[in-house]
$ cat protein-v6.txt   # compact mmCIF, C-alpha atoms and all ligand atoms
# COMPACT_ATOMS: atom_id res chain seq x y z
CA MET M 25 198.33 -196.09 20.05
CA VAL M 26 198.59 -199.11 17.79
CA ALA M 27 199.04 -197.84 14.25
CA SER M 28 196.18 -199.89 12.85
CA LEU M 29 193.71 -198.41 15.35
CA VAL M 30 194.31 -194.87 14.12
CA PRO M 31 190.95 -193.83 12.59
CA LYS M 32 190.89 -194.30 8.85
CA GLN M 33 188.31 -193.91 6.16
CA THR M 34 186.30 -197.07 5.62
CA ILE M 35 185.53 -197.29 1.91
CA ARG M 36 182.10 -198.65 1.01
CA THR M 37 181.55 -200.35 -2.32
CA ARG M 38 179.16 -202.72 -4.07
CA ASP M 39 181.86 -203.85 -6.51
CA PRO M 40 183.63 -207.09 -5.50
CA LYS M 41 186.61 -206.15 -7.73
CA ASP M 42 187.28 -202.94 -5.81
CA ALA M 43 186.96 -204.72 -2.48
CA ALA M 44 189.29 -207.51 -3.61
CA GLU M 45 191.88 -205.03 -4.81
CA LEU M 46 191.98 -203.40 -1.37
CA LEU M 47 192.43 -206.83 0.23
CA ARG M 48 195.24 -207.77 -2.15
CA ARG M 49 197.01 -204.51 -1.23
CA GLY M 50 197.05 -205.52 2.44
CA GLY M 51 193.63 -204.27 3.47
CA VAL M 52 191.12 -205.64 5.92
CA VAL M 53 187.78 -205.97 4.11
CA ALA M 54 184.29 -206.90 5.36
CA PHE M 55 182.18 -208.93 2.93
CA PRO M 56 178.77 -210.63 2.94
CA THR M 57 178.23 -214.40 2.91
CA GLU M 58 174.96 -216.37 3.14
CA THR M 59 175.49 -216.81 6.91
CA VAL M 60 176.83 -213.51 8.34
CA TYR M 61 179.28 -210.81 7.19
CA GLY M 62 182.96 -211.75 7.54
CA LEU M 63 186.05 -209.58 8.12
CA GLY M 64 188.65 -210.77 5.64
CA ALA M 65 192.44 -210.66 5.28
CA ALA M 66 194.61 -212.49 2.75
CA ILE M 67 195.76 -215.74 4.34
CA PHE M 68 199.48 -215.13 3.68
CA ASP M 69 199.41 -211.51 4.92
CA GLN M 70 200.31 -211.80 8.60
CA ASP M 71 200.11 -208.03 9.24
CA ALA M 72 196.57 -207.86 7.88
CA ILE M 73 195.58 -210.92 9.94
CA ARG M 74 197.01 -209.28 13.06
CA ARG M 75 194.82 -206.24 12.35
CA VAL M 76 191.73 -208.45 12.04
CA PHE M 77 192.35 -209.68 15.60
CA GLU M 78 193.05 -206.11 16.82
CA VAL M 79 190.06 -204.30 15.37
CA LYS M 80 187.65 -206.98 16.59
CA GLY M 81 189.29 -207.23 20.01
CA ARG M 82 189.45 -210.96 19.31
CA PRO M 83 191.42 -213.17 21.72
CA SER M 84 194.54 -214.40 19.89
CA ASP M 85 193.79 -218.02 20.86
CA ASN M 86 190.66 -218.09 18.68
CA PRO M 87 191.40 -219.50 15.18
CA LEU M 88 190.01 -218.06 11.94
CA ILE M 89 188.16 -219.81 9.12
CA ALA M 90 189.77 -219.76 5.66
CA HIS M 91 187.24 -218.86 2.96
CA ILE M 92 187.82 -220.19 -0.54
CA GLY M 93 186.38 -219.27 -3.94
CA LYS M 94 187.42 -222.50 -5.65
CA ILE M 95 187.37 -226.11 -4.42
CA GLY M 96 190.94 -226.49 -5.72
CA GLN M 97 192.23 -224.17 -2.96
CA ILE M 98 191.58 -226.87 -0.34
CA GLY M 99 194.75 -228.62 -1.56
CA LEU M 100 196.80 -225.55 -0.68
CA LEU M 101 195.43 -225.32 2.88
CA ALA M 102 195.00 -228.93 3.99
CA SER M 103 197.82 -231.44 4.45
CA GLU M 104 195.38 -234.34 4.34
CA LEU M 105 191.68 -234.87 3.77
CA SER M 106 189.88 -237.80 5.39
CA ALA M 107 187.24 -239.72 3.41
CA SER M 108 184.58 -238.08 5.64
CA ALA M 109 185.92 -234.61 4.87
CA GLU M 110 185.86 -235.38 1.15
CA ARG M 111 182.25 -236.51 1.32
CA LEU M 112 181.19 -233.39 3.26
CA VAL M 113 182.94 -231.15 0.72
CA GLU M 114 181.20 -232.93 -2.18
CA SER M 115 177.78 -232.55 -0.55
CA PHE M 116 177.91 -229.14 1.13
CA PHE M 117 180.51 -226.92 -0.59
CA PRO M 118 179.69 -224.22 -1.48
CA GLY M 119 177.43 -223.65 1.53
CA PRO M 120 177.13 -222.90 5.26
CA LEU M 121 179.54 -225.63 6.43
CA THR M 122 183.10 -225.29 7.78
CA ILE M 123 185.31 -228.38 7.90
CA VAL M 124 188.29 -228.53 10.27
CA VAL M 125 191.23 -230.50 8.81
CA LYS M 126 195.00 -230.85 9.35
CA LYS M 127 196.65 -227.70 8.02
CA SER M 128 199.46 -227.57 5.50
CA GLU M 129 202.81 -225.99 6.37
CA VAL M 130 202.23 -222.90 4.23
CA VAL M 131 199.34 -221.69 6.42
CA PRO M 132 200.75 -219.13 8.92
CA SER M 133 200.12 -220.13 12.52
CA ILE M 134 198.61 -216.71 13.36
CA ALA M 135 195.63 -217.70 11.17
CA THR M 136 194.93 -220.85 13.16
CA ALA M 137 195.92 -219.42 16.56
CA GLY M 138 198.75 -221.93 16.73
CA LEU M 139 196.58 -225.00 16.07
CA THR M 140 197.75 -227.70 13.65
CA THR M 141 194.27 -227.75 12.09
CA ILE M 142 192.44 -225.22 9.93
CA GLY M 143 188.76 -224.48 9.33
CA ILE M 144 187.83 -224.21 5.64
CA ARG M 145 184.59 -222.98 4.11
CA MET M 146 183.37 -222.07 0.64
CA PRO M 147 180.43 -219.68 0.93
CA LYS M 148 177.62 -219.99 -1.62
CA SER M 149 176.56 -216.33 -1.72
CA GLU M 150 177.23 -215.08 -5.26
CA LEU M 151 178.77 -211.81 -4.08
CA ALA M 152 181.06 -213.68 -1.67
CA LEU M 153 182.19 -216.04 -4.43
CA ALA M 154 182.80 -213.17 -6.86
CA PHE M 155 184.86 -211.38 -4.19
CA LEU M 156 186.86 -214.48 -3.23
CA LYS M 157 187.62 -215.33 -6.87
CA GLU M 158 188.89 -211.80 -7.43
CA CYS M 159 191.06 -212.04 -4.31
CA GLY M 160 192.79 -215.01 -5.91
CA THR M 161 193.91 -216.30 -2.51
CA PRO M 162 192.11 -217.90 0.44
CA VAL M 163 190.76 -215.24 2.79
CA VAL M 164 190.72 -215.77 6.55
CA ALA M 165 187.66 -214.18 8.11
CA PRO M 166 185.90 -214.20 11.45
CA SER M 167 182.46 -212.62 11.71
CA ALA M 168 182.74 -208.83 11.16
CA ASN M 169 181.62 -207.72 14.63
CA ILE M 170 183.39 -206.53 17.75
CA SER M 171 184.16 -209.73 19.69
CA GLY M 172 181.26 -210.73 21.92
CA ARG M 173 178.66 -208.67 20.01
CA PRO M 174 176.01 -210.30 17.79
CA SER M 175 177.38 -211.26 14.36
CA PRO M 176 176.47 -208.73 11.63
CA THR M 177 173.78 -209.72 9.13
CA THR M 178 173.75 -206.33 7.31
CA TRP M 179 176.51 -204.04 6.11
CA GLN M 180 175.07 -201.35 8.37
CA ALA M 181 175.75 -203.58 11.39
CA VAL M 182 179.38 -203.92 10.25
CA LEU M 183 179.59 -200.14 9.99
CA GLU M 184 178.10 -199.77 13.48
CA ASP M 185 180.90 -201.88 15.00
CA LEU M 186 183.91 -201.18 12.77
CA ASP M 187 183.55 -197.86 10.90
CA GLY M 188 186.89 -196.06 10.77
CA ARG M 189 188.80 -199.18 11.86
CA ILE M 190 188.74 -201.30 8.67
CA ASP M 191 189.65 -200.50 5.07
CA CYS M 192 186.48 -201.48 3.23
CA ILE M 193 182.96 -202.87 3.45
CA LEU M 194 181.63 -204.78 0.44
CA GLN M 195 177.96 -203.87 0.64
CA GLY M 196 175.51 -206.66 -0.14
CA GLU M 197 171.98 -207.57 0.86
CA PRO M 198 171.10 -208.71 4.39
CA THR M 199 172.40 -212.28 4.75
CA ASP M 200 169.96 -215.14 3.96
CA ILE M 201 170.62 -217.48 6.88
CA GLY M 202 171.61 -215.07 9.64
CA LEU M 203 173.52 -217.58 11.84
CA GLU M 204 177.16 -218.70 11.47
CA SER M 205 178.16 -221.88 9.61
CA SER M 206 178.07 -225.39 11.06
CA VAL M 207 181.63 -226.37 12.08
CA VAL M 208 182.62 -230.05 11.81
CA ASP M 209 186.01 -231.30 13.04
CA CYS M 210 187.13 -233.83 10.43
CA SER M 211 190.66 -234.14 11.89
CA VAL M 212 189.24 -236.73 14.29
CA GLU M 213 187.32 -239.93 13.63
CA PRO M 214 184.37 -239.98 14.01
CA PRO M 215 183.96 -236.34 12.92
CA LEU M 216 182.63 -234.00 15.62
CA LEU M 217 180.08 -231.21 15.17
CA LEU M 218 181.70 -228.32 17.10
CA ARG M 219 179.17 -225.59 16.25
CA ARG M 220 175.57 -226.00 15.09
CA GLY M 221 174.54 -224.11 11.97
CA ALA M 222 172.28 -224.22 8.94
CA VAL M 223 173.53 -227.67 7.91
CA SER M 224 171.78 -229.81 10.52
CA ILE M 225 173.13 -232.92 12.23
CA ASP M 226 170.59 -235.02 10.28
CA GLU M 227 171.81 -233.61 6.97
CA LEU M 228 175.42 -234.25 7.98
CA ARG M 229 174.63 -237.84 9.03
CA ALA M 230 172.83 -238.50 5.74
CA VAL M 231 176.29 -238.11 4.17
CA VAL M 232 178.61 -239.26 6.99
CA PRO M 233 176.54 -241.39 9.42
CA SER M 234 179.25 -241.40 12.12
CA VAL M 235 179.26 -237.60 12.76
CA ARG M 236 178.79 -237.06 16.49
CA GLU M 237 177.54 -234.12 18.53
CA LEU M 238 179.17 -232.78 21.68
CA ALA M 239 177.86 -234.75 24.65
CA SER M 240 176.17 -232.67 27.35
CA GLY M 241 178.86 -231.30 29.66
CA GLU M 242 181.37 -231.38 26.79
CA THR M 243 181.90 -227.75 25.72
CA GLY M 244 184.13 -228.31 22.73
CA ALA M 245 186.40 -225.60 24.13
CA GLU M 246 189.46 -227.90 24.12
CA LYS M 247 188.91 -228.43 20.39
CA SER M 248 187.42 -225.11 19.35
CA PRO M 249 188.71 -222.22 21.44
CA GLY M 250 185.97 -219.91 20.12
CA LEU M 251 183.40 -221.87 22.09
CA ARG M 252 185.12 -220.85 25.32
CA HIS M 253 184.61 -217.13 24.78
CA ARG M 254 181.46 -215.12 25.41
CA HIS M 255 179.43 -214.93 22.22
CA TYR M 256 176.47 -213.51 20.36
CA SER M 257 175.44 -211.22 23.18
CA PRO M 258 173.50 -207.99 23.04
CA ARG M 259 173.99 -205.60 25.96
CA ALA M 260 170.47 -206.41 27.13
CA ARG M 261 169.88 -209.50 29.24
CA VAL M 262 168.45 -212.40 27.20
CA ALA M 263 165.90 -214.89 28.53
CA ILE M 264 164.03 -217.81 26.95
CA GLY M 265 160.27 -217.76 27.51
CA THR M 266 156.84 -216.69 26.33
CA GLY M 267 156.17 -213.74 28.63
CA LEU M 268 157.71 -211.34 31.13
CA PRO M 269 159.46 -212.75 34.22
CA GLU M 270 157.52 -212.16 37.47
CA GLY M 271 157.91 -208.61 38.72
CA PHE M 272 160.01 -207.30 35.78
CA ALA M 273 159.17 -203.61 35.22
CA GLY M 274 161.92 -202.41 32.85
CA ARG M 275 161.99 -201.98 29.08
CA ALA M 276 161.54 -205.41 27.49
CA ALA M 277 161.39 -206.87 23.98
CA PHE M 278 160.09 -210.13 22.54
CA ILE M 279 160.99 -212.20 19.47
CA GLY M 280 159.37 -215.52 18.65
CA MET M 281 156.82 -217.45 16.63
CA GLN M 282 153.91 -217.13 19.07
CA THR M 283 152.27 -213.91 20.25
CA PRO M 284 153.49 -213.42 23.84
CA ALA M 285 151.27 -213.32 26.90
CA ASP M 286 152.43 -209.82 27.97
CA VAL M 287 152.87 -206.41 26.36
CA PHE M 288 156.43 -205.60 25.19
CA ALA M 289 158.05 -202.31 24.10
CA GLU M 290 159.43 -204.11 21.00
CA CYS M 291 157.83 -207.21 19.55
CA LEU M 292 158.77 -209.26 16.47
CA ILE M 293 156.58 -212.23 15.54
CA VAL M 294 158.21 -214.44 12.89
CA ASN M 295 156.54 -217.08 10.72
CA SER M 296 159.19 -219.78 10.64
CA ALA M 297 162.42 -220.88 12.31
CA GLU M 298 164.24 -219.74 9.15
CA GLU M 299 162.83 -216.23 9.45
CA TYR M 300 163.60 -216.26 13.18
CA ALA M 301 167.25 -217.17 12.49
CA ALA M 302 167.56 -214.51 9.81
CA SER M 303 166.12 -211.84 12.15
CA LEU M 304 167.67 -212.70 15.52
CA PHE M 305 171.01 -210.87 15.50
CA GLU M 306 169.61 -207.71 13.89
CA PHE M 307 166.79 -207.75 16.46
CA PHE M 308 169.38 -207.95 19.26
CA ARG M 309 171.18 -204.92 17.81
CA LYS M 310 167.93 -202.97 17.37
CA CYS M 311 167.08 -203.65 21.02
CA ASP M 312 170.49 -202.35 22.12
CA ARG M 313 170.00 -199.16 20.08
CA GLY M 314 166.59 -198.70 21.73
CA GLY M 315 167.85 -199.12 25.28
CA VAL M 316 166.01 -202.41 25.90
CA GLU M 317 167.05 -204.09 29.17
CA LEU M 318 165.56 -207.56 28.65
CA ILE M 319 165.00 -209.56 25.46
CA VAL M 320 162.66 -212.54 25.78
CA CYS M 321 163.12 -215.16 23.04
CA GLY M 322 160.34 -217.67 22.36
CA PRO M 323 161.63 -221.27 22.14
CA VAL M 324 161.40 -223.34 18.92
CA PRO M 325 161.70 -227.10 18.31
CA GLU M 326 165.37 -228.11 17.94
CA THR M 327 165.18 -229.58 14.45
CA GLY M 328 166.79 -228.20 11.29
CA ILE M 329 167.88 -224.57 11.74
CA GLY M 330 165.96 -224.58 15.07
CA ALA M 331 168.87 -226.44 16.71
CA ALA M 332 171.38 -223.75 15.73
CA LEU M 333 168.93 -221.00 16.65
CA MET M 334 168.38 -222.36 20.18
CA ASP M 335 172.16 -222.82 20.56
CA ARG M 336 172.76 -219.10 19.83
CA ILE M 337 169.86 -217.99 22.05
CA ARG M 338 171.14 -220.13 24.94
CA ARG M 339 174.68 -218.73 24.58
CA ALA M 340 173.29 -215.18 24.54
CA ALA M 341 171.24 -215.96 27.65
CA GLU M 342 174.23 -217.35 29.61
O1 LIG C 401 179.49 -218.53 8.93
C1 LIG C 401 180.62 -218.37 9.39
O2 LIG C 401 181.32 -219.34 9.75
C2 LIG C 401 181.17 -216.94 9.48
C3 LIG C 401 181.31 -216.39 8.07
C4 LIG C 401 181.98 -215.06 8.02
O3 LIG C 401 181.96 -217.33 7.26
N1 LIG C 401 182.41 -216.93 10.19
C5 LIG C 401 182.50 -217.09 11.53
O4 LIG C 401 183.79 -216.98 12.02
O5 LIG C 401 181.54 -217.32 12.24
P1 LIG C 401 184.10 -216.85 13.58
O6 LIG C 401 185.56 -216.60 13.63
O7 LIG C 401 183.21 -215.85 14.19
O8 LIG C 401 183.83 -218.28 14.14
C6 LIG C 401 184.70 -219.35 13.80
C7 LIG C 401 184.49 -220.52 14.72
C8 LIG C 401 185.06 -220.24 16.10
O9 LIG C 401 184.21 -220.84 17.07
C9 LIG C 401 186.41 -220.94 16.05
O10 LIG C 401 186.91 -221.32 17.31
C10 LIG C 401 186.10 -222.14 15.16
O11 LIG C 401 185.19 -221.65 14.19
N2 LIG C 401 187.31 -222.62 14.47
C11 LIG C 401 188.02 -222.01 13.50
N3 LIG C 401 189.12 -222.73 13.16
C12 LIG C 401 189.11 -223.83 13.96
C13 LIG C 401 190.00 -224.95 14.14
N4 LIG C 401 191.11 -225.07 13.42
N5 LIG C 401 189.66 -225.88 15.04
C14 LIG C 401 188.53 -225.76 15.80
N6 LIG C 401 187.67 -224.72 15.69
C15 LIG C 401 187.95 -223.76 14.80
MG MG C 402 182.14 -214.72 15.50

$ encode --input "protein-v6.txt" --output "structure tokens"
Amino acid sequence: MVASLVPKQTIRTRDPKDAAELLRRGGVVAFPTETVYGLGAAIFDQDAIRRVFEVKGRPSDNPLIAHIGKIGQIGLLASELSASAERLVESFFPGPLTIVVKKSEVVPSIATAGLTTIGIRMPKSELALAFLKECGTPVVAPSANISGRPSPTTWQAVLEDLDGRIDCILQGEPTDIGLESSVVDCSVEPPLLLRRGAVSIDELRAVVPSVRELASGETGAEKSPGLRHRHYSPRARVAIGTGLPEGFAGRAAFIGMQTPADVFAECLIVNSAEEYAASLFEFFRKCDRGGVELIVCGPVPETGIGAALMDRIRRAAE
């Protein structure tokens, strides 16, 4: 057995100092951000980074995002910053945006899965910032779920996937946004939105008008290996709609903004796209715990957070 997969006690704490100390001593530590919980390792600790990949079952070709607690740390990670990248940092850091830029030589290649670029993000959640400042080093972190499962939006969801396999969980509130950050590749011109998130394409273009979206048929997988892998999926089948498919007789659940046409075993009606986004992944997990076989998701208009929400629902439904 791989040493790091030997069961260990996962310490739970609400104190960012304790969590940071464990990370500085080589630990793998889950922490909340405003998007989803991340699973952090110190960026220069290659053993800890290896364990992050192992405990998640994450393919080694999928690069990690470096999380920073101070804008000044960008200079350590990036070898160059385009004018577009600088403008995005000024407007959206700290916040739910990741920029991809050329990496500096000091960044170990295990962190970026061998790519010459690195994703950088400064979360705005106060607890995340307190933790990252205490760490004193950039922290690479994917979402703190088993690969392929819905990202965790509560510390309990982290525990459900990773208890006994990681060193610590920094316990915070359920995350505000509930979907992962927008990822913009600024190593190319014009910059390319690789993953939709809470910062919408319109908000990005208000700052850098040339930002482009992936054309239909373009998966982004050549640029962002994570987009190639199965994602965000509950065990239940996911469908987009407003009622039950013809002839379906199993245990079904519904989430959406409109009351559905049929009766469902589980039903969550939300009042806004924001509330929908914040509830989606936890709803998926609840359905899995309850043995639901089919989750029907009501569609929403693809503006603002609605675009990211429909992206995640479509990926889960694939
Ligand atoms: O909101 C978030 O971004 C959360 C929290 C914890 O910060 N993190 C997160 O990490 O969602 P992860 O590893 O689950 O997703 C990172 C995505 C993947 O699709 C990955 O391929 C892409 O970002 N990515 C990371 N570095 C990249 C790079 N250098 N070039 C292209 N894509 C990159
Ligand atoms: Mg993830």

$ residues_around --input "protein-v6.txt" --residues "Leu304 of chain M" --least-positions-apart "6" --cutoff "10 Å" --atoms "only C-alpha atoms" --output "NGL selection string"
:M and (174-175 or 177 or 202-203 or 279-280 or 292 or 294 or 310 or 321 or 333 or 336-337)

$ closest_residue --input "protein-v6.txt" --among "M:Gln70, M:Thr283, M:Ser224, M:Thr59" --to "ligand MG 402 (chain C)" --atoms "only C-alpha atoms and all ligand atoms"
M:Thr59

$ residues_around --input "protein-v6.txt" --residues "Asp286 of chain M" --least-positions-apart "6" --cutoff "9 Å" --atoms "only C-alpha atoms" --output "PyMOL selection string"
chain M and resi 266-268

$ closest_atom_pairs --input "protein-v6.txt" --of "chain M" --to "ligand LIG 401 (chain C)" --cutoff "8 Å" --atoms "all atoms listed in the file" --output "Markdown table"
| residue | atom | partner | partner_atom | distance |
| --- | --- | --- | --- | --- |
| M:Phe55 | CA | C:LIG401 | C4 | 8.0 |
| M:Pro56 | CA | C:LIG401 | C4 | 7.5 |
| M:Thr57 | CA | C:LIG401 | C3 | 6.3 |
| M:Glu58 | CA | C:LIG401 | O1 | 7.7 |
| M:Thr59 | CA | C:LIG401 | O1 | 4.8 |
| M:Val60 | CA | C:LIG401 | C3 | 5.3 |
| M:Tyr61 | CA | C:LIG401 | C4 | 5.1 |
| M:Gly62 | CA | C:LIG401 | C4 | 3.5 |
| M:Leu63 | CA | C:LIG401 | C4 | 6.8 |
| M:Asn86 | CA | C:LIG401 | O10 | 5.1 |
| M:Pro87 | CA | C:LIG401 | N3 | 4.4 |
| M:Leu88 | CA | C:LIG401 | C11 | 4.7 |
| M:Ile89 | CA | C:LIG401 | C11 | 4.9 |
| M:His91 | CA | C:LIG401 | O3 | 7.0 |
| M:Pro120 | CA | C:LIG401 | O1 | 6.2 |
| M:Leu121 | CA | C:LIG401 | O2 | 7.3 |
| M:Thr122 | CA | C:LIG401 | O2 | 6.5 |
| M:Val124 | CA | C:LIG401 | N4 | 5.5 |
| M:Val125 | CA | C:LIG401 | N4 | 7.1 |
| M:Thr136 | CA | C:LIG401 | N4 | 5.7 |
| M:Leu139 | CA | C:LIG401 | N4 | 6.1 |
| M:Thr140 | CA | C:LIG401 | N4 | 7.1 |
| M:Thr141 | CA | C:LIG401 | N4 | 4.4 |
| M:Ile142 | CA | C:LIG401 | N4 | 3.7 |
| M:Gly143 | CA | C:LIG401 | N3 | 4.2 |
| M:Ile144 | CA | C:LIG401 | N3 | 7.8 |
| M:Arg145 | CA | C:LIG401 | O3 | 7.0 |
| M:Pro147 | CA | C:LIG401 | O3 | 6.9 |
| M:Ala165 | CA | C:LIG401 | C4 | 5.7 |
| M:Pro166 | CA | C:LIG401 | O6 | 3.3 |
| M:Ser167 | CA | C:LIG401 | O7 | 4.1 |
| M:Ala168 | CA | C:LIG401 | C4 | 7.0 |
| M:Ser175 | CA | C:LIG401 | O7 | 7.4 |
| M:Leu203 | CA | C:LIG401 | O1 | 6.7 |
| M:Glu204 | CA | C:LIG401 | O1 | 3.5 |
| M:Ser205 | CA | C:LIG401 | O1 | 3.7 |
| M:Ser206 | CA | C:LIG401 | O2 | 7.0 |
| M:Val207 | CA | C:LIG401 | O11 | 6.3 |
| M:Asp209 | CA | C:LIG401 | C14 | 6.7 |
| M:Leu218 | CA | C:LIG401 | N6 | 7.1 |
| M:Arg219 | CA | C:LIG401 | O9 | 7.0 |
| M:Lys247 | CA | C:LIG401 | C14 | 5.3 |
| M:Ser248 | CA | C:LIG401 | N6 | 3.7 |
| M:Pro249 | CA | C:LIG401 | O10 | 4.6 |
| M:Gly250 | CA | C:LIG401 | O10 | 3.3 |
| M:Leu251 | CA | C:LIG401 | O9 | 5.2 |

$ atom_distance --input "protein-v6.txt" --atom1 "atom CA of Ala273 of chain M" --atom2 "atom CA of Arg259 of chain M"
17.6 Å

$ closest_residue --input "protein-v6.txt" --among "M:Gly241, M:Gly196, M:Pro40, M:Gly330" --to "Glu158 of chain M" --atoms "only C-alpha atoms"
M:Pro40

$ closest_residue --input "protein-v6.txt" --among "M:Ala239, M:Arg220, M:Ile123, M:Val287" --to "Asp335 of chain M" --atoms "only C-alpha atoms"
M:Arg220

$ decode --input "protein-v6.txt" --residues "segment 222-229 of chain M" --atoms "all heavy atoms" --output "PDB file, in the first residue's frame"
ATOM      1  N   ALA M 222     -18.145  32.196 -11.689  1.00  0.00           N
ATOM      2  CA  ALA M 222     -18.957  33.306 -11.181  1.00  0.00           C
ATOM      3  C   ALA M 222     -18.622  34.635 -11.849  1.00  0.00           C
ATOM      4  O   ALA M 222     -19.458  35.527 -11.904  1.00  0.00           O
ATOM      5  CB  ALA M 222     -18.781  33.423  -9.671  1.00  0.00           C
ATOM      6  N   VAL M 223     -17.384  34.798 -12.347  1.00  0.00           N
ATOM      7  CA  VAL M 223     -17.082  36.004 -13.122  1.00  0.00           C
ATOM      8  C   VAL M 223     -17.507  35.698 -14.563  1.00  0.00           C
ATOM      9  O   VAL M 223     -16.939  34.828 -15.217  1.00  0.00           O
ATOM     10  CB  VAL M 223     -15.580  36.365 -13.063  1.00  0.00           C
ATOM     11  CG1 VAL M 223     -15.321  37.642 -13.850  1.00  0.00           C
ATOM     12  CG2 VAL M 223     -15.117  36.540 -11.614  1.00  0.00           C
ATOM     13  N   SER M 224     -18.535  36.406 -15.027  1.00  0.00           N
ATOM     14  CA  SER M 224     -19.139  36.061 -16.318  1.00  0.00           C
ATOM     15  C   SER M 224     -18.314  36.614 -17.472  1.00  0.00           C
ATOM     16  O   SER M 224     -17.470  37.495 -17.301  1.00  0.00           O
ATOM     17  CB  SER M 224     -20.558  36.619 -16.393  1.00  0.00           C
ATOM     18  OG  SER M 224     -20.496  38.037 -16.480  1.00  0.00           O
ATOM     19  N   ILE M 225     -18.588  36.112 -18.657  1.00  0.00           N
ATOM     20  CA  ILE M 225     -17.882  36.585 -19.859  1.00  0.00           C
ATOM     21  C   ILE M 225     -18.112  38.084 -20.046  1.00  0.00           C
ATOM     22  O   ILE M 225     -17.202  38.818 -20.440  1.00  0.00           O
ATOM     23  CB  ILE M 225     -18.289  35.754 -21.116  1.00  0.00           C
ATOM     24  CG1 ILE M 225     -17.487  36.154 -22.350  1.00  0.00           C
ATOM     25  CG2 ILE M 225     -19.767  35.860 -21.411  1.00  0.00           C
ATOM     26  CD1 ILE M 225     -16.114  35.593 -22.448  1.00  0.00           C
ATOM     27  N   ASP M 226     -19.317  38.575 -19.746  1.00  0.00           N
ATOM     28  CA  ASP M 226     -19.591  40.016 -19.898  1.00  0.00           C
ATOM     29  C   ASP M 226     -18.747  40.840 -18.933  1.00  0.00           C
ATOM     30  O   ASP M 226     -18.230  41.895 -19.296  1.00  0.00           O
ATOM     31  CB  ASP M 226     -21.080  40.307 -19.661  1.00  0.00           C
ATOM     32  CG  ASP M 226     -21.953  39.723 -20.773  1.00  0.00           C
ATOM     33  OD1 ASP M 226     -21.411  39.431 -21.863  1.00  0.00           O
ATOM     34  OD2 ASP M 226     -23.161  39.551 -20.535  1.00  0.00           O
ATOM     35  N   GLU M 227     -18.615  40.350 -17.700  1.00  0.00           N
ATOM     36  CA  GLU M 227     -17.787  41.069 -16.717  1.00  0.00           C
ATOM     37  C   GLU M 227     -16.313  41.059 -17.145  1.00  0.00           C
ATOM     38  O   GLU M 227     -15.608  42.056 -17.002  1.00  0.00           O
ATOM     39  CB  GLU M 227     -17.942  40.442 -15.332  1.00  0.00           C
ATOM     40  CG  GLU M 227     -19.299  40.712 -14.712  1.00  0.00           C
ATOM     41  CD  GLU M 227     -19.562  39.874 -13.465  1.00  0.00           C
ATOM     42  OE1 GLU M 227     -19.377  38.643 -13.505  1.00  0.00           O
ATOM     43  OE2 GLU M 227     -19.968  40.457 -12.454  1.00  0.00           O
ATOM     44  N   LEU M 228     -15.859  39.927 -17.680  1.00  0.00           N
ATOM     45  CA  LEU M 228     -14.474  39.848 -18.153  1.00  0.00           C
ATOM     46  C   LEU M 228     -14.250  40.821 -19.309  1.00  0.00           C
ATOM     47  O   LEU M 228     -13.265  41.555 -19.349  1.00  0.00           O
ATOM     48  CB  LEU M 228     -14.143  38.417 -18.605  1.00  0.00           C
ATOM     49  CG  LEU M 228     -14.097  37.362 -17.496  1.00  0.00           C
ATOM     50  CD1 LEU M 228     -14.113  35.946 -18.091  1.00  0.00           C
ATOM     51  CD2 LEU M 228     -12.851  37.547 -16.628  1.00  0.00           C
ATOM     52  N   ARG M 229     -15.207  40.850 -20.246  1.00  0.00           N
ATOM     53  CA  ARG M 229     -15.061  41.708 -21.439  1.00  0.00           C
ATOM     54  C   ARG M 229     -15.178  43.187 -21.102  1.00  0.00           C
ATOM     55  O   ARG M 229     -14.688  44.032 -21.857  1.00  0.00           O
ATOM     56  CB  ARG M 229     -16.095  41.312 -22.491  1.00  0.00           C
ATOM     57  CG  ARG M 229     -15.680  40.035 -23.201  1.00  0.00           C
ATOM     58  CD  ARG M 229     -16.660  39.653 -24.289  1.00  0.00           C
ATOM     59  NE  ARG M 229     -16.219  38.432 -24.963  1.00  0.00           N
ATOM     60  CZ  ARG M 229     -17.044  37.580 -25.562  1.00  0.00           C
ATOM     61  NH1 ARG M 229     -18.353  37.815 -25.580  1.00  0.00           N
ATOM     62  NH2 ARG M 229     -16.562  36.499 -26.153  1.00  0.00           N
TER      63      ARG M 229
END
